[in-house]
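With PDB, C-alpha atoms inside, this is run_14.pdb:
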```pdb
ATOM      1  CA  MET A 294       1.540  41.403  67.954
ATOM      2  CA  GLU A 295       0.378  39.572  64.840
ATOM      3  CA  CYS A 296       2.384  37.238  62.642
ATOM      4  CA  GLU A 297       1.510  35.617  59.335
ATOM      5  CA  ILE A 298       3.584  33.232  57.243
ATOM      6  CA  TYR A 299       3.141  33.450  53.468
ATOM      7  CA  GLN A 300       4.018  30.853  50.862
ATOM      8  CA  LYS A 301       5.869  32.415  47.917
ATOM      9  CA  ARG A 302       4.587  29.858  45.402
ATOM     10  CA  THR A 303       0.906  29.929  46.274
ATOM     11  CA  GLY A 304       0.438  33.085  48.340
ATOM     12  CA  ALA A 305      -1.237  31.010  51.041
ATOM     13  CA  CYS A 306      -1.211  32.500  54.532
ATOM     14  CA  GLU A 307      -0.636  30.818  57.899
ATOM     15  CA  ARG A 308      -1.504  32.803  61.020
ATOM     16  CA  ILE A 309       0.595  32.405  64.189
ATOM     17  CA  ASP A 310      -1.129  32.598  67.577
ATOM     18  CA  CYS A 311       0.423  35.657  69.269
ATOM     19  CA  ASP A 312      -2.375  36.445  71.730
ATOM     20  CA  GLN A 313      -0.411  35.616  74.860
ATOM     21  CA  ALA A 314       1.745  38.513  76.058
ATOM     22  CA  ASP A 315       4.928  36.564  76.791
ATOM     23  CA  ALA A 316       4.455  33.371  74.821
ATOM     24  CA  GLY A 317       3.334  35.261  71.710
ATOM     25  CA  CYS A 318       6.767  36.733  71.027
ATOM     26  CA  ALA A 319       8.427  33.391  71.752
ATOM     27  CA  ALA A 320       6.066  31.578  69.386
ATOM     28  CA  THR A 321       6.787  34.137  66.694
ATOM     29  CA  THR A 322      10.569  33.868  67.023
ATOM     30  CA  ASP A 323      10.375  30.052  67.064
ATOM     31  CA  ARG A 324       8.335  30.040  63.861
ATOM     32  CA  LEU A 325      10.677  32.565  62.237
ATOM     33  CA  ALA A 326      13.622  30.314  63.015
ATOM     34  CA  ALA A 327      11.866  27.464  61.190
ATOM     35  CA  LEU A 328      11.133  29.394  57.980
ATOM     36  CA  THR A 329      11.856  27.536  54.751
ATOM     37  CA  PRO A 330      13.315  29.254  51.657
ATOM     38  CA  ASP A 331       9.843  29.245  50.109
ATOM     39  CA  GLU A 332       8.313  31.158  53.039
ATOM     40  CA  PHE A 333       8.418  34.686  54.396
ATOM     41  CA  ALA A 334       6.889  36.232  57.499
ATOM     42  CA  TRP A 335       4.962  39.409  58.180
ATOM     43  CA  ILE A 336       5.137  40.546  61.805
ATOM     44  CA  ARG A 337       2.807  43.394  62.798
ATOM     45  CA  VAL A 338       3.408  45.205  66.085
ATOM     46  CA  THR A 339       1.352  48.063  67.561
ATOM     47  CA  ASP A 340       2.890  50.496  70.091
ATOM     48  CA  PRO A 341       5.479  47.932  71.216
ATOM     49  CA  SER A 342       7.495  48.120  74.376
ATOM     50  CA  GLN A 343      11.224  48.620  74.108
ATOM     51  CA  GLU A 344      11.929  45.128  75.430
ATOM     52  CA  GLU A 345       9.580  43.475  72.956
ATOM     53  CA  LEU A 346      10.984  45.316  69.977
ATOM     54  CA  GLU A 347      14.582  44.734  71.028
ATOM     55  CA  ARG A 348      13.904  40.988  71.239
ATOM     56  CA  LEU A 349      12.449  40.982  67.739
ATOM     57  CA  GLY A 350      15.244  43.217  66.460
ATOM     58  CA  LYS A 351      17.878  40.900  67.859
ATOM     59  CA  HIS A 352      16.268  37.870  66.226
ATOM     60  CA  LEU A 353      15.835  39.656  62.865
ATOM     61  CA  ASN A 354      19.317  41.239  62.970
ATOM     62  CA  LEU A 355      17.931  44.789  62.910
ATOM     63  CA  HIS A 356      20.349  47.658  63.397
ATOM     64  CA  PRO A 357      20.088  49.276  66.879
ATOM     65  CA  LEU A 358      19.444  52.667  65.280
ATOM     66  CA  ALA A 359      16.526  51.201  63.335
ATOM     67  CA  VAL A 360      15.065  49.754  66.531
ATOM     68  CA  GLU A 361      15.524  53.098  68.283
ATOM     69  CA  ASP A 362      13.694  54.931  65.470
ATOM     70  CA  ALA A 363      10.816  52.466  65.631
ATOM     71  CA  ILE A 364      10.434  52.920  69.386
ATOM     72  CA  GLN A 365      10.610  56.728  69.432
ATOM     73  CA  ALA A 366       8.081  57.145  66.575
ATOM     74  CA  HIS A 367       9.006  60.736  65.760
ATOM     75  CA  GLN A 368      10.529  60.215  62.323
ATOM     76  CA  ARG A 369      10.061  62.073  59.094
ATOM     77  CA  PRO A 370       9.132  59.903  56.100
ATOM     78  CA  LYS A 371      12.400  58.343  55.010
ATOM     79  CA  GLN A 372      14.074  55.293  53.524
ATOM     80  CA  GLU A 373      17.286  53.806  54.901
ATOM     81  CA  ARG A 374      19.181  50.594  54.349
ATOM     82  CA  TYR A 375      20.939  48.697  57.101
ATOM     83  CA  GLY A 376      22.822  45.862  55.412
ATOM     84  CA  ASP A 377      20.231  43.599  53.789
ATOM     85  CA  VAL A 378      17.340  45.242  55.685
ATOM     86  CA  LEU A 379      15.400  48.152  54.145
ATOM     87  CA  ALA A 380      13.700  50.520  56.628
ATOM     88  CA  VAL A 381      10.878  52.799  55.431
ATOM     89  CA  ALA A 382       9.142  55.309  57.723
ATOM     90  CA  LEU A 383       5.677  56.633  56.824
ATOM     91  CA  LYS A 384       3.246  59.072  58.408
ATOM     92  CA  THR A 385      -0.328  57.852  58.688
ATOM     93  CA  LEU A 386      -3.164  60.377  58.397
ATOM     94  CA  TRP A 387      -6.860  60.384  59.163
ATOM     95  CA  PHE A 388      -9.422  63.194  59.224
ATOM     96  CA  VAL A 389     -11.603  63.677  62.319
ATOM     97  CA  GLU A 390     -14.800  65.156  60.884
ATOM     98  CA  ARG A 391     -16.263  66.158  64.270
ATOM     99  CA  THR A 392     -13.365  68.502  65.073
ATOM    100  CA  ALA A 393     -12.075  69.044  61.491
ATOM    101  CA  ASP A 394      -8.625  67.909  62.648
ATOM    102  CA  VAL A 395      -6.009  65.966  60.720
ATOM    103  CA  GLU A 396      -4.549  63.394  63.103
ATOM    104  CA  THR A 397      -1.219  61.723  62.397
ATOM    105  CA  GLY A 398       0.475  58.503  63.366
ATOM    106  CA  GLU A 399       3.480  56.580  62.161
ATOM    107  CA  VAL A 400       4.313  53.186  60.717
ATOM    108  CA  MET A 401       7.804  51.812  60.117
ATOM    109  CA  ILE A 402       8.355  48.947  57.710
ATOM    110  CA  PHE A 403      11.441  46.730  57.851
ATOM    111  CA  LEU A 404      12.031  44.460  54.878
ATOM    112  CA  GLY A 405      14.483  41.606  55.042
ATOM    113  CA  PRO A 406      15.123  38.694  52.686
ATOM    114  CA  SER A 407      12.481  36.545  54.406
ATOM    115  CA  PHE A 408      10.440  38.890  56.579
ATOM    116  CA  ALA A 409       8.537  42.140  56.803
ATOM    117  CA  LEU A 410       8.154  43.866  60.163
ATOM    118  CA  THR A 411       5.695  46.749  60.583
ATOM    119  CA  VAL A 412       5.713  48.847  63.745
ATOM    120  CA  ARG A 413       2.651  51.068  64.104
ATOM    121  CA  HIS A 414       1.976  54.047  66.358
ATOM    122  CA  GLY A 415      -1.358  55.888  66.389
ATOM    123  CA  ALA A 416      -5.027  55.047  65.980
ATOM    124  CA  SER A 417      -4.964  54.457  62.229
ATOM    125  CA  ASP A 418      -4.023  50.901  61.208
ATOM    126  CA  PRO A 419      -3.016  50.654  57.533
ATOM    127  CA  THR A 420      -1.552  47.201  58.085
ATOM    128  CA  ALA A 421      -5.001  45.657  58.665
ATOM    129  CA  ASP A 422      -6.279  46.990  55.331
ATOM    130  CA  ALA A 423      -3.052  45.908  53.648
ATOM    131  CA  ALA A 424      -3.478  42.370  55.027
ATOM    132  CA  ARG A 425      -7.028  42.239  53.630
ATOM    133  CA  ARG A 426      -5.767  43.363  50.223
ATOM    134  CA  LEU A 427      -3.105  40.652  50.223
ATOM    135  CA  ALA A 428      -5.755  38.100  51.164
ATOM    136  CA  ASP A 429      -7.859  39.218  48.182
ATOM    137  CA  GLN A 430      -4.819  39.328  45.854
ATOM    138  CA  PRO A 431      -2.606  36.295  46.532
ATOM    139  CA  ASP A 432      -0.532  37.157  43.451
ATOM    140  CA  MET A 433       0.882  40.147  45.356
ATOM    141  CA  ALA A 434       1.739  37.921  48.324
ATOM    142  CA  ARG A 435       3.758  35.686  46.009
ATOM    143  CA  LEU A 436       6.079  38.640  45.295
ATOM    144  CA  GLY A 437       7.597  38.398  48.765
ATOM    145  CA  PRO A 438       8.160  41.078  51.435
ATOM    146  CA  ALA A 439       8.224  43.813  48.764
ATOM    147  CA  GLY A 440       4.556  43.023  48.081
ATOM    148  CA  ILE A 441       3.797  43.829  51.710
ATOM    149  CA  LEU A 442       5.655  47.125  51.374
ATOM    150  CA  HIS A 443       3.538  48.012  48.339
ATOM    151  CA  ALA A 444       0.295  47.066  50.099
ATOM    152  CA  VAL A 445       1.036  49.186  53.188
ATOM    153  CA  VAL A 446       2.276  52.205  51.203
ATOM    154  CA  ASP A 447      -0.753  51.988  48.902
ATOM    155  CA  VAL A 448      -3.176  51.983  51.855
ATOM    156  CA  VAL A 449      -1.403  54.945  53.487
ATOM    157  CA  ILE A 450      -1.461  57.016  50.303
ATOM    158  CA  ASP A 451      -5.117  56.174  49.651
ATOM    159  CA  ALA A 452      -5.842  57.528  53.145
ATOM    160  CA  TYR A 453      -3.988  60.712  52.164
ATOM    161  CA  ALA A 454      -6.298  61.161  49.177
ATOM    162  CA  GLU A 455      -9.410  60.648  51.343
ATOM    163  CA  ALA A 456      -8.184  63.153  53.937
ATOM    164  CA  ALA A 457      -7.371  65.681  51.193
ATOM    165  CA  ALA A 458     -10.913  65.361  49.812
ATOM    166  CA  GLN A 459     -12.405  66.020  53.261
ATOM    167  CA  VAL A 460     -10.128  69.020  53.829
ATOM    168  CA  ARG A 461     -11.172  70.409  50.445
ATOM    169  CA  SER A 462     -14.818  70.002  51.445
ATOM    170  CA  ASP A 463     -14.182  72.014  54.623
ATOM    171  CA  LEU A 464     -12.323  74.636  52.614
ATOM    172  CA  THR A 465     -15.238  74.957  50.177
ATOM    173  CA  GLU A 466     -17.587  75.545  53.119
ATOM    174  CA  LEU A 467     -15.225  78.187  54.506
ATOM    175  CA  GLU A 468     -15.117  79.962  51.133
ATOM    176  CA  ARG A 469     -18.916  80.011  51.046
ATOM    177  CA  CYS A 470     -19.014  81.568  54.525
ATOM    178  CA  VAL A 471     -16.307  84.137  53.722
ATOM    179  CA  PHE A 472     -18.156  85.470  50.683
ATOM    180  CA  SER A 473     -21.658  85.276  52.170
ATOM    181  CA  PRO A 474     -23.498  88.499  53.199
ATOM    182  CA  ALA A 475     -23.588  87.349  56.834
ATOM    183  CA  ARG A 476     -20.947  88.756  59.134
ATOM    184  CA  GLN A 477     -18.936  85.973  60.754
ATOM    185  CA  ASP A 478     -15.473  86.084  62.234
ATOM    186  CA  LEU A 479     -13.879  83.036  60.573
ATOM    187  CA  THR A 480     -10.244  83.897  61.257
ATOM    188  CA  GLU A 481      -9.783  81.214  63.914
ATOM    189  CA  ARG A 482     -11.427  78.503  61.770
ATOM    190  CA  ILE A 483      -9.338  79.379  58.729
ATOM    191  CA  TYR A 484      -6.108  79.502  60.700
ATOM    192  CA  SER A 485      -6.921  76.210  62.441
ATOM    193  CA  LEU A 486      -7.569  74.474  59.115
ATOM    194  CA  LYS A 487      -4.366  75.955  57.700
ATOM    195  CA  ARG A 488      -2.400  74.446  60.585
ATOM    196  CA  GLU A 489      -3.949  71.061  59.812
ATOM    197  CA  VAL A 490      -2.960  71.419  56.158
ATOM    198  CA  VAL A 491       0.607  72.282  57.184
ATOM    199  CA  GLU A 492       0.702  69.080  59.254
ATOM    200  CA  PHE A 493      -0.734  67.250  56.246
ATOM    201  CA  ARG A 494       1.944  68.716  53.985
ATOM    202  CA  ASP A 495       4.716  67.700  56.402
ATOM    203  CA  ALA A 496       3.580  64.085  56.039
ATOM    204  CA  VAL A 497       3.071  64.037  52.262
ATOM    205  CA  GLN A 498       5.886  66.194  50.903
ATOM    206  CA  PRO A 499       8.880  64.280  52.347
ATOM    207  CA  LEU A 500       7.340  60.989  51.213
ATOM    208  CA  VAL A 501       7.644  61.834  47.499
ATOM    209  CA  PRO A 502      11.451  61.298  47.297
ATOM    210  CA  VAL A 503      11.040  58.174  49.472
ATOM    211  CA  VAL A 504       8.604  56.481  47.082
ATOM    212  CA  GLN A 505      10.335  57.602  43.888
ATOM    213  CA  PRO A 506      13.277  55.130  44.126
ATOM    214  CA  LEU A 507      10.769  52.289  44.551
ATOM    215  CA  THR A 508       9.496  52.905  41.001
ATOM    216  CA  GLU A 509      12.761  51.584  39.566
ATOM    217  CA  ALA A 510      13.843  47.969  39.339
ATOM    218  CA  GLY A 511      16.644  46.792  41.576
ATOM    219  CA  ASP A 512      17.513  46.511  45.242
ATOM    220  CA  GLY A 513      16.104  42.992  45.328
ATOM    221  CA  ARG A 514      12.546  44.010  44.412
ATOM    222  CA  PRO A 515      10.706  41.914  41.814
ATOM    223  CA  ARG A 516      10.337  43.642  38.450
ATOM    224  CA  GLU A 517       6.624  42.796  38.518
ATOM    225  CA  LEU A 518       6.164  45.343  41.314
ATOM    226  CA  VAL A 519       7.593  48.310  39.390
ATOM    227  CA  PRO A 520       4.299  49.254  37.637
ATOM    228  CA  TYR A 521       2.451  49.034  40.960
ATOM    229  CA  PHE A 522       4.919  51.337  42.693
ATOM    230  CA  ARG A 523       4.687  53.758  39.754
ATOM    231  CA  ASP A 524       0.924  53.846  40.223
ATOM    232  CA  VAL A 525       1.402  54.540  43.945
ATOM    233  CA  ALA A 526       3.926  57.290  43.155
ATOM    234  CA  ASP A 527       1.438  58.867  40.734
ATOM    235  CA  HIS A 528      -1.282  58.922  43.399
ATOM    236  CA  LEU A 529       1.154  60.431  45.883
ATOM    237  CA  THR A 530       2.216  63.145  43.425
ATOM    238  CA  ARG A 531      -1.419  64.075  42.798
ATOM    239  CA  THR A 532      -2.101  64.260  46.520
ATOM    240  CA  ASP A 533       1.038  66.344  47.091
ATOM    241  CA  THR A 534      -0.076  68.779  44.374
ATOM    242  CA  GLU A 535      -3.545  69.004  45.902
ATOM    243  CA  VAL A 536      -2.185  69.644  49.402
ATOM    244  CA  ARG A 537       0.002  72.462  48.052
ATOM    245  CA  ALA A 538      -3.045  73.922  46.297
ATOM    246  CA  LEU A 539      -5.092  73.671  49.507
ATOM    247  CA  ASP A 540      -2.373  75.506  51.416
ATOM    248  CA  ASP A 541      -2.279  78.300  48.817
ATOM    249  CA  LEU A 542      -6.082  78.523  48.729
ATOM    250  CA  LEU A 543      -6.276  78.805  52.506
ATOM    251  CA  THR A 544      -3.784  81.666  52.401
ATOM    252  CA  SER A 545      -5.942  83.402  49.781
ATOM    253  CA  VAL A 546      -9.125  82.740  51.777
ATOM    254  CA  LEU A 547      -7.512  84.175  54.904
ATOM    255  CA  ASP A 548      -6.432  87.295  52.992
ATOM    256  CA  ALA A 549      -9.911  87.637  51.488
ATOM    257  CA  HIS A 550     -11.530  87.293  54.909
ATOM    258  CA  LEU A 551      -9.219  89.912  56.432
ATOM    259  CA  ALA A 552     -10.033  92.242  53.530
ATOM    260  CA  THR A 553     -13.744  91.620  54.136
ATOM    261  CA  VAL A 554     -13.336  92.395  57.844
ATOM    262  CA  SER A 555     -11.556  95.650  56.920
ATOM    263  CA  THR A 556     -14.449  96.513  54.599
ATOM    264  CA  TRP A 557     -16.904  95.879  57.450
ATOM    265  CA  GLN A 558     -14.900  98.188  59.701
ATOM    266  CA  ASN A 559     -14.797 100.892  57.020
ATOM    267  CA  ASP A 560     -18.555 100.615  56.540
ATOM    268  CA  ASP A 561     -19.096 100.940  60.270
ATOM    269  CA  MET A 562     -16.811 103.979  60.473
ATOM    270  CA  ARG A 563     -18.605 105.670  57.568
ATOM    271  CA  ARG A 564     -21.964 104.966  59.162
ATOM    272  CA  ILE A 565     -20.811 106.321  62.509
ATOM    273  CA  SER A 566     -19.286 109.390  60.819
ATOM    274  CA  ALA A 567     -22.496 110.029  58.871
ATOM    275  CA  TRP A 568     -24.661 109.927  61.998
ATOM    276  CA  ALA A 569     -22.150 112.112  63.836
ATOM    277  CA  ALA A 570     -22.404 114.711  61.037
ATOM    278  CA  ILE A 571     -26.214 114.576  61.132
ATOM    279  CA  CYS A 572     -26.234 115.061  64.894
ATOM    280  CA  ALA A 573     -23.707 117.921  64.590
ATOM    281  CA  VAL A 574     -26.246 120.237  62.840
ATOM    282  CA  PRO A 575     -28.787 120.490  65.710
ATOM    283  CA  THR A 576     -25.947 120.397  68.208
ATOM    284  CA  LEU A 577     -24.284 123.387  66.519
ATOM    285  CA  ILE A 578     -27.491 125.435  66.424
ATOM    286  CA  ALA A 579     -28.477 124.498  69.979
ATOM    287  CA  GLY A 580     -24.959 125.276  71.150
ATOM    288  CA  ILE A 581     -25.003 128.743  69.610
ATOM    289  CA  TYR A 582     -28.344 129.623  71.145
ATOM    290  CA  GLY A 583     -27.317 128.195  74.488
ATOM    291  CA  MET A 584     -24.443 130.651  75.020
ATOM    292  CA  ASN A 585     -26.715 133.073  76.974
ATOM    293  CA  PHE A 586     -25.546 136.331  75.383
ATOM    294  CA  ALA A 587     -27.869 139.301  75.944
ATOM    295  CA  HIS A 588     -28.001 140.493  72.331
ATOM    296  CA  MET A 589     -28.656 137.557  69.956
ATOM    297  CA  PRO A 590     -30.866 137.652  66.825
ATOM    298  CA  GLU A 591     -34.317 136.144  66.967
ATOM    299  CA  LEU A 592     -34.414 135.902  70.793
ATOM    300  CA  ASP A 593     -37.439 138.148  71.024
ATOM    301  CA  TRP A 594     -39.103 136.843  67.855
ATOM    302  CA  ARG A 595     -42.304 134.900  68.452
ATOM    303  CA  TYR A 596     -41.404 132.214  65.899
ATOM    304  CA  GLY A 597     -37.690 131.972  66.731
ATOM    305  CA  TYR A 598     -37.956 128.665  68.555
ATOM    306  CA  PRO A 599     -39.987 126.855  65.852
ATOM    307  CA  CYS A 600     -37.699 128.333  63.202
ATOM    308  CA  ALA A 601     -34.599 126.991  64.972
ATOM    309  CA  LEU A 602     -36.170 123.536  65.199
ATOM    310  CA  ALA A 603     -37.123 123.666  61.531
ATOM    311  CA  VAL A 604     -33.557 124.611  60.513
ATOM    312  CA  MET A 605     -32.234 121.711  62.621
ATOM    313  CA  ALA A 606     -34.661 119.271  61.025
ATOM    314  CA  LEU A 607     -34.010 120.502  57.476
ATOM    315  CA  GLY A 608     -30.225 120.406  57.900
ATOM    316  CA  ALA A 609     -30.277 116.930  59.429
ATOM    317  CA  GLY A 610     -32.718 115.681  56.773
ATOM    318  CA  TRP A 611     -30.621 117.062  53.924
ATOM    319  CA  LEU A 612     -27.477 115.376  55.310
ATOM    320  CA  TYR A 613     -29.351 112.109  55.829
ATOM    321  CA  ARG A 614     -30.537 112.153  52.231
ATOM    322  CA  ALA A 615     -27.050 112.929  50.912
ATOM    323  CA  PHE A 616     -25.395 110.169  52.949
ATOM    324  CA  ARG A 617     -28.133 107.726  52.011
ATOM    325  CA  ARG A 618     -27.692 108.516  48.314
ATOM    326  CA  ASN A 619     -23.913 107.951  48.583
ATOM    327  CA  GLY A 620     -24.350 104.618  50.351
ATOM    328  CA  TRP A 621     -23.031 105.685  53.729
ATOM    329  CA  LEU A 622     -26.279 104.789  55.501
TER     330      LEU A 622
END
```

Could you render the structure as C-alpha cells?
Amino acid sequence: MECEIYQKRTGACERIDCDQADAGCAATTDRLAALTPDEFAWIRVTDPSQEELERLGKHLNLHPLAVEDAIQAHQRPKQERYGDVLAVALKTLWFVERTADVETGEVMIFLGPSFALTVRHGASDPTADAARRLADQPDMARLGPAGILHAVVDVVIDAYAEAAAQVRSDLTELERCVFSPARQDLTERIYSLKREVVEFRDAVQPLVPVVQPLTEAGDGRPRELVPYFRDVADHLTRTDTEVRALDDLLTSVLDAHLATVSTWQNDDMRRISAWAAICAVPTLIAGIYGMNFAHMPELDWRYGYPCALAVMALGAGWLYRAFRRNGWL
C-alpha cells in the first residue's frame, strides 16, 4: 500500500509510511481522518487482500459492490457512480516481446470528494508512472482527485499505443514471411497473434464509451481538465481504430497464407502427376512386352530390345519437355 497527501493550492505531496503490513493501513486511515479541506489523498493498493480492502472501503464509504469488483478483478472497462464516489475500471496492457504475447491486468480507480483510491492487479503498474507525471506537473495535482484519474488513464492509453505499435511490427514481419518464396507453415503464429489482438480489442473497445463522458464538463470535475480528457479520448480513438485495422489485416494475412498453402499443394500435385505420366510411358511398354504371349511383334527382331528402350526414352523425354515448358516441373 502507498498513500500520498496532496495540497490543492500548491500541488505539494506528502508521503505516508505504509511499509508495515498491519500498521500501514492504520496509519493511512488515521491520516485520512485528519485531512483538511485543502488536502486530498491518493491511496495505491496492489493485489490487496479482502480484509485490507474492506477496511479501506469502510473508512472511505465505498459501496460493497464496488469493493467486490475491486477484489475479483475480472471487470470489463466501465464507469459507475455510487453516491459521491465515481468508480472507473480499466484494463492494463503490456507486450511481451520474447513470446509475442499481449498480457493484461486491471486497475480500478475510485474518486471521492477528497480521495482517489487505485486498486491494481497484474504486473503492469500505471499508477507509478502517473505519480511521476504528477510530481513533474504539480498544476495537475492542484486539480484534485480528477487530476489523478486523468494521469492514470493517460498512462494506460499510452501503453495501449506502445503495444499496438509492437503488434504492428510483428504483423509486418508475418506479412513478409507469408509472401516470401520460402515455404513456412505460419498458420499457428498468425492465429496466435490474432488471439492476442482479440484480447487487445476487448480491453480497448469497451473503454471508448467510458472515456467519452469525461470529455464533458460536469460531475464535479474541474473545467480545466476537459481539454486533457479530450486529448486522451483522441489517443484512445486512434488506438481503437488501429486495433480494428490490425484485426482485419490479420484475417487477410491468414486468408492469404491459406491460399498460398493451397497453391503449394497444387504445385506438388501437378509435379507428382507429371512424374507419374512420365513414368507411365516405359511402364506401359514394359507391361505390354511382359505379358508373355507367344506371337508378339518384334520378339524375334535383333534390334527389338534397343528399339523398345529408345521408344521409352523418347516418350518420357517428350513428356518431360512438355511439362517443363508448361511449368509443371

query = Any idea what the distance is between atom CA of A:Trp621 and atom CA of A:Arg476?
reply =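 Computed distance, atom CA of A:Trp621 to atom CA of A:Arg476, equals 17.9 Å.
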
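Take atom CA of A:Glu332 and atom CA of A:Leu410: the distance between them is 14.6 Å.
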
ask   = In terms of the shortest atom-to-atom distance over only C-alpha atoms, which of A:Gly350, A:Gly304, A:Pro502, A:Pro599 is closest to A:Phe403?
value =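 Looking only at the distances to A:Phe403, the closest residue turns out to be A:Gly350.
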
query = Any idea what's packed within 10 Å of A:Leu442, counting all atoms listed in the file, ignoring anything in its chain fewer than 2 positions away? Could you give it as a VMD selection string?
reply = chain A and resid 381 402 to 404 409 to 411 420 423 437 to 440 444 to 447 507 522

message = Please expand the PyMOL selection byres ((chain A and resi 491) around 12) into the concrete residues it hits in this file, giving the result as a ChimeraX atom specification.
response = /A:394-397,457,460,484-490,492-498,533,536-541,543-544

With all heavy atoms as the goal, would you fill in the gaps in stretch 496-503 of chain A and present it as a PDB file, in the frame of the given file?
```
ATOM      1  N   ALA A 496       3.605  65.541  56.193  1.00  0.00           N
ATOM      2  CA  ALA A 496       3.580  64.085  56.039  1.00  0.00           C
ATOM      3  C   ALA A 496       3.717  63.665  54.585  1.00  0.00           C
ATOM      4  O   ALA A 496       4.371  62.659  54.277  1.00  0.00           O
ATOM      5  CB  ALA A 496       2.284  63.523  56.623  1.00  0.00           C
ATOM      6  N   VAL A 497       3.115  64.444  53.669  1.00  0.00           N
ATOM      7  CA  VAL A 497       3.071  64.037  52.262  1.00  0.00           C
ATOM      8  C   VAL A 497       4.342  64.437  51.513  1.00  0.00           C
ATOM      9  O   VAL A 497       4.923  63.626  50.775  1.00  0.00           O
ATOM     10  CB  VAL A 497       1.829  64.649  51.579  1.00  0.00           C
ATOM     11  CG1 VAL A 497       1.826  64.341  50.090  1.00  0.00           C
ATOM     12  CG2 VAL A 497       0.568  64.131  52.234  1.00  0.00           C
ATOM     13  N   GLN A 498       4.786  65.671  51.700  1.00  0.00           N
ATOM     14  CA  GLN A 498       5.886  66.194  50.903  1.00  0.00           C
ATOM     15  C   GLN A 498       7.169  65.371  51.033  1.00  0.00           C
ATOM     16  O   GLN A 498       7.779  65.009  50.026  1.00  0.00           O
ATOM     17  CB  GLN A 498       6.153  67.653  51.281  1.00  0.00           C
ATOM     18  CG  GLN A 498       6.315  68.550  50.072  1.00  0.00           C
ATOM     19  CD  GLN A 498       6.422  70.015  50.474  1.00  0.00           C
ATOM     20  OE1 GLN A 498       5.820  70.471  51.437  1.00  0.00           O
ATOM     21  NE2 GLN A 498       7.202  70.744  49.738  1.00  0.00           N
ATOM     22  N   PRO A 499       7.635  65.034  52.263  1.00  0.00           N
ATOM     23  CA  PRO A 499       8.880  64.280  52.347  1.00  0.00           C
ATOM     24  C   PRO A 499       8.765  62.848  51.838  1.00  0.00           C
ATOM     25  O   PRO A 499       9.789  62.188  51.622  1.00  0.00           O
ATOM     26  CB  PRO A 499       9.205  64.290  53.854  1.00  0.00           C
ATOM     27  CG  PRO A 499       8.347  65.349  54.441  1.00  0.00           C
ATOM     28  CD  PRO A 499       7.130  65.414  53.586  1.00  0.00           C
ATOM     29  N   LEU A 500       7.519  62.361  51.655  1.00  0.00           N
ATOM     30  CA  LEU A 500       7.340  60.989  51.213  1.00  0.00           C
ATOM     31  C   LEU A 500       7.593  60.832  49.715  1.00  0.00           C
ATOM     32  O   LEU A 500       7.901  59.720  49.259  1.00  0.00           O
ATOM     33  CB  LEU A 500       5.929  60.509  51.562  1.00  0.00           C
ATOM     34  CG  LEU A 500       5.616  59.039  51.318  1.00  0.00           C
ATOM     35  CD1 LEU A 500       6.567  58.140  52.089  1.00  0.00           C
ATOM     36  CD2 LEU A 500       4.163  58.727  51.687  1.00  0.00           C
ATOM     37  N   VAL A 501       7.472  61.919  48.957  1.00  0.00           N
ATOM     38  CA  VAL A 501       7.644  61.834  47.499  1.00  0.00           C
ATOM     39  C   VAL A 501       9.029  61.296  47.130  1.00  0.00           C
ATOM     40  O   VAL A 501       9.139  60.339  46.343  1.00  0.00           O
ATOM     41  CB  VAL A 501       7.367  63.203  46.845  1.00  0.00           C
ATOM     42  CG1 VAL A 501       7.665  63.154  45.358  1.00  0.00           C
ATOM     43  CG2 VAL A 501       5.922  63.627  47.092  1.00  0.00           C
ATOM     44  N   PRO A 502      10.138  61.865  47.648  1.00  0.00           N
ATOM     45  CA  PRO A 502      11.451  61.298  47.297  1.00  0.00           C
ATOM     46  C   PRO A 502      11.698  59.919  47.900  1.00  0.00           C
ATOM     47  O   PRO A 502      12.622  59.225  47.464  1.00  0.00           O
ATOM     48  CB  PRO A 502      12.442  62.324  47.870  1.00  0.00           C
ATOM     49  CG  PRO A 502      11.700  63.039  48.935  1.00  0.00           C
ATOM     50  CD  PRO A 502      10.277  63.071  48.490  1.00  0.00           C
ATOM     51  N   VAL A 503      10.895  59.514  48.899  1.00  0.00           N
ATOM     52  CA  VAL A 503      11.040  58.174  49.472  1.00  0.00           C
ATOM     53  C   VAL A 503      10.444  57.124  48.536  1.00  0.00           C
ATOM     54  O   VAL A 503      11.020  56.047  48.329  1.00  0.00           O
ATOM     55  CB  VAL A 503      10.371  58.108  50.856  1.00  0.00           C
ATOM     56  CG1 VAL A 503      10.364  56.680  51.391  1.00  0.00           C
ATOM     57  CG2 VAL A 503      11.096  59.021  51.837  1.00  0.00           C
TER      58      VAL A 503
END
```
